[in-house]
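Chemist: Sending over a structure as structure tokens; questions will come in a sec.
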Amino acid sequence: MAILFTIPITSTGGSIVCTNPTEDQNIYVLTFTSPKDNRLTPTFIYALLLALDIIETRYPKGVVVTTSGIAKFYSNGLDLELALSTEGFFEKILWPLFRRFLTYPMPTVCLLNGHAFAGGFMLAMYHDYRVQNPSKGFLCVNELEFGVPLATPMMSIFREKLPPTVFRNVVLEAHRFGGHAALEAGIVDAVGGIDGVLSLIRDRKLLTKAKTGIYGIMKEEMYSRVLNGLDDHAGNLAWRDKVEAKKKGIQVQGLQAVEKWEKKDKAKL
């Protein structure tokens, strides 16, 4: 296995290592190790974006695979406190990462070696294909459990790629999907490890898909609705404010109706 390049993740002493597991084929495996659980922090995201840029500009077209060097976790999502305290984190850092994967001009495969929670699960969904460890690790959007609503780009990728009932189970039940359950639900394309990834690449002839130069363009058209959400952060916030204002009005009307009903009910006594 040839090491092509290494990028440090300065905030955690971690790194992203790019390797080629076959040498005779253009398969680029990005293994990120950012203790303790590969949180999507600004330095992590900048390093990952740089790795994608290096592959696109300095290497022949092929297939990009991401995975984790930490056995327990693919990624445990955001460091929420850091995200909220970093100015422009979502529209200037996280959304560009999601956009880059969604429109990357080569096939991308996510090898889920361990848990992928919240933002880690979202990052996996922004890849073209997913292969999950069959024996350990869960996929879960658990924001419901700690009271953090999902922003438009976090929600839209699940809506776009999953069947409606699976989408419901992911978002409204915070269901945890192991490898075989995720495969049955259509969330992942295969179960296995790196051998499963190489088989998927071979069976689907992914190594040749980017050669004509339009692979990224096809994805831009394919996922135009998701891209609209990624590119209109201010519009998403304005829509949310409008929805909240309307909801409050409905709640006030509902409370008034309940109070009126209660008064009439008491008057009968």
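Within each chain, counting starts at residue 1; across the structure tokens, chains are named A, B, ... in the order shown, with ligands numbered 1 upward in that order.
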Contacts of segment 76-81 of chain A at 9 Å or less, counting only C-alpha atoms, minus same-chain residues fewer than 6 places along, as a ChimeraX atom specification?
Modeler: /A:37-41,115-123
Chemist: Based on the backbone DSSP call, show me all residues of segment 14-170 of chain A assigned alpha helix (DSSP H), as a tab-separated table (two decimals) with C-alpha atoms, in the first residue's frame.
Modeler:
```tsv
chain	number	residue	atom	x	y	z
A	42	PRO	CA	-12.83	23.62	11.37
A	43	THR	CA	-9.28	22.24	11.26
A	44	PHE	CA	-10.57	18.74	10.44
A	45	ILE	CA	-12.76	20.10	7.64
A	46	TYR	CA	-10.00	22.29	6.18
A	47	ALA	CA	-7.65	19.31	6.10
A	48	LEU	CA	-10.25	17.12	4.39
A	49	LEU	CA	-11.04	19.80	1.81
A	50	LEU	CA	-7.34	20.19	1.07
A	51	ALA	CA	-7.00	16.44	0.58
A	52	LEU	CA	-9.83	16.50	-1.96
A	53	ASP	CA	-8.19	19.42	-3.76
A	54	ILE	CA	-4.83	17.63	-3.93
A	55	ILE	CA	-6.38	14.51	-5.42
A	56	GLU	CA	-8.36	16.48	-8.01
A	57	THR	CA	-5.48	18.68	-9.13
A	58	ARG	CA	-2.43	16.42	-8.76
A	80	LEU	CA	-21.50	21.68	18.88
A	81	GLU	CA	-20.04	24.20	21.33
A	82	LEU	CA	-17.15	24.95	18.98
A	83	ALA	CA	-19.44	25.11	15.96
A	84	LEU	CA	-21.76	27.62	17.62
A	85	SER	CA	-18.84	29.76	18.82
A	89	PHE	CA	-19.12	27.82	10.80
A	95	TRP	CA	-21.84	23.51	4.06
A	96	PRO	CA	-18.83	23.86	1.68
A	97	LEU	CA	-17.61	20.46	2.86
A	98	PHE	CA	-20.99	18.89	2.14
A	99	ARG	CA	-21.14	20.65	-1.21
A	100	ARG	CA	-17.67	19.49	-2.19
A	101	PHE	CA	-18.52	15.85	-1.64
A	102	LEU	CA	-21.92	16.13	-3.30
A	119	GLY	CA	-22.93	15.18	11.32
A	120	GLY	CA	-20.80	12.10	10.72
A	121	PHE	CA	-23.84	10.29	9.31
A	122	MET	CA	-24.64	13.35	7.18
A	123	LEU	CA	-21.10	13.42	5.79
A	124	ALA	CA	-21.47	9.76	4.84
A	125	MET	CA	-24.72	10.54	3.02
A	143	GLU	CA	-30.38	15.44	17.45
A	144	LEU	CA	-33.95	14.64	18.51
A	145	GLU	CA	-32.59	13.16	21.73
A	146	PHE	CA	-30.76	16.32	22.82
A	152	THR	CA	-31.98	22.51	5.82
A	153	PRO	CA	-28.71	21.04	4.41
A	154	MET	CA	-28.65	18.49	7.22
A	155	MET	CA	-32.18	17.33	6.49
A	156	SER	CA	-32.30	17.56	2.69
A	157	ILE	CA	-29.65	14.95	1.94
A	158	PHE	CA	-31.67	12.29	3.78
A	159	ARG	CA	-34.87	13.39	2.06
A	160	GLU	CA	-33.15	13.16	-1.32
A	161	LYS	CA	-31.47	9.79	-0.90
A	164	PRO	CA	-39.83	8.17	2.92
A	165	THR	CA	-40.35	5.64	5.71
A	166	VAL	CA	-36.60	5.28	6.29
A	167	PHE	CA	-36.27	9.08	6.26
A	168	ARG	CA	-38.97	9.23	8.95
A	169	ASN	CA	-37.22	6.60	11.06
A	170	VAL	CA	-33.89	8.40	10.79
```
Chemist: Name the closest residue to Ile9 of chain A among the candidates A:Phe32, A:Leu172, A:His127, A:Thr208; distances are taken between atoms, counting only C-alpha atoms.
Modeler: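 Counting only C-alpha atoms, the residue closest to Ile9 of chain A is A:Phe32.
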Chemist: Let me make sure I understand: among A:Pro105, A:Gly62, A:Gly69, A:Gly14, which one has the smallest atom-to-atom distance to Ile214 of chain A if we use only C-alpha atoms?
Modeler: A:Pro105
Chemist: Would you kindly return, as a list in words, each protein, DNA or RNA residue with an atom no farther than 6 Å from any atom of Gln132 of chain A, considering only C-alpha atoms and excluding same-chain residues fewer than 3 positions away?
Modeler: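 The residues satisfying every condition are Leu111, Leu112, Gly179, Val191 and Gly192 of chain A.
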Chemist: Rank A:Asp189, A:Glu23, A:Asp203, A:Asp265 by their smallest atom-to-atom distance to Val109 of chain A, using only C-alpha atoms, and report the top residue only.
Modeler: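 That would be A:Asp189, the residue with the smallest distance to Val109 of chain A.
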Chemist: Please report the interatomic distance between atom CA of Pro107 of chain A and atom CA of His180 of chain A in Å with one decimal.
Modeler: 23.1 Å
Chemist: Quick one: of A:Val243, A:Ile16, A:Leu94, A:Ala2, who's nearest to Ile70 of chain A, counting only C-alpha atoms?
Modeler: A:Ile16
Chemist: Can you pull out every residue from segment 91-150 of chain A that DSSP, working from the backbone, puts in strand (DSSP E or B), and format the result as a count of residues only?
Modeler: 14
Chemist: What lies within 9 Å of Leu237 of chain A using only C-alpha atoms, ignoring chain neighbours under 4 positions off, as a compact mmCIF listing (two decimals) with all heavy atoms, in the first residue's frame?
Modeler:
```
# COMPACT_ATOMS: atom_id res chain seq x y z
N ALA A 151 -30.79 21.77 10.47
CA ALA A 151 -30.87 22.81 9.44
C ALA A 151 -31.16 22.18 8.09
O ALA A 151 -31.02 20.97 7.89
CB ALA A 151 -29.54 23.58 9.40
N THR A 152 -31.56 23.00 7.14
CA THR A 152 -31.98 22.51 5.82
C THR A 152 -30.95 21.58 5.16
O THR A 152 -31.31 20.48 4.71
CB THR A 152 -32.30 23.69 4.89
OG1 THR A 152 -33.39 24.42 5.45
CG2 THR A 152 -32.69 23.21 3.51
N ASP A 232 -28.05 28.68 0.02
CA ASP A 232 -28.93 29.78 0.44
C ASP A 232 -29.11 29.74 1.95
O ASP A 232 -30.22 29.57 2.46
CB ASP A 232 -30.28 29.69 -0.27
CG ASP A 232 -31.14 30.93 -0.04
OD1 ASP A 232 -30.60 31.97 0.41
OD2 ASP A 232 -32.36 30.86 -0.29
N HIS A 233 -28.03 29.92 2.67
CA HIS A 233 -28.08 29.87 4.13
C HIS A 233 -29.01 30.95 4.69
O HIS A 233 -29.84 30.66 5.56
CB HIS A 233 -26.67 30.05 4.70
CG HIS A 233 -26.59 29.88 6.18
ND1 HIS A 233 -26.72 28.67 6.81
CD2 HIS A 233 -26.39 30.80 7.18
CE1 HIS A 233 -26.61 28.82 8.12
NE2 HIS A 233 -26.40 30.10 8.37
N ASP A 241 -37.50 31.42 10.40
CA ASP A 241 -38.12 32.49 11.19
C ASP A 241 -39.60 32.63 10.84
O ASP A 241 -40.45 32.82 11.72
CB ASP A 241 -37.40 33.82 10.94
CG ASP A 241 -36.02 33.87 11.58
OD1 ASP A 241 -35.75 33.05 12.47
OD2 ASP A 241 -35.22 34.74 11.17
N LYS A 242 -39.93 32.54 9.55
CA LYS A 242 -41.32 32.64 9.10
C LYS A 242 -42.15 31.49 9.65
O LYS A 242 -43.28 31.70 10.12
CB LYS A 242 -41.36 32.65 7.57
CG LYS A 242 -42.75 32.82 6.98
CD LYS A 242 -42.69 32.87 5.46
CE LYS A 242 -44.07 33.01 4.86
NZ LYS A 242 -44.02 33.03 3.37
```
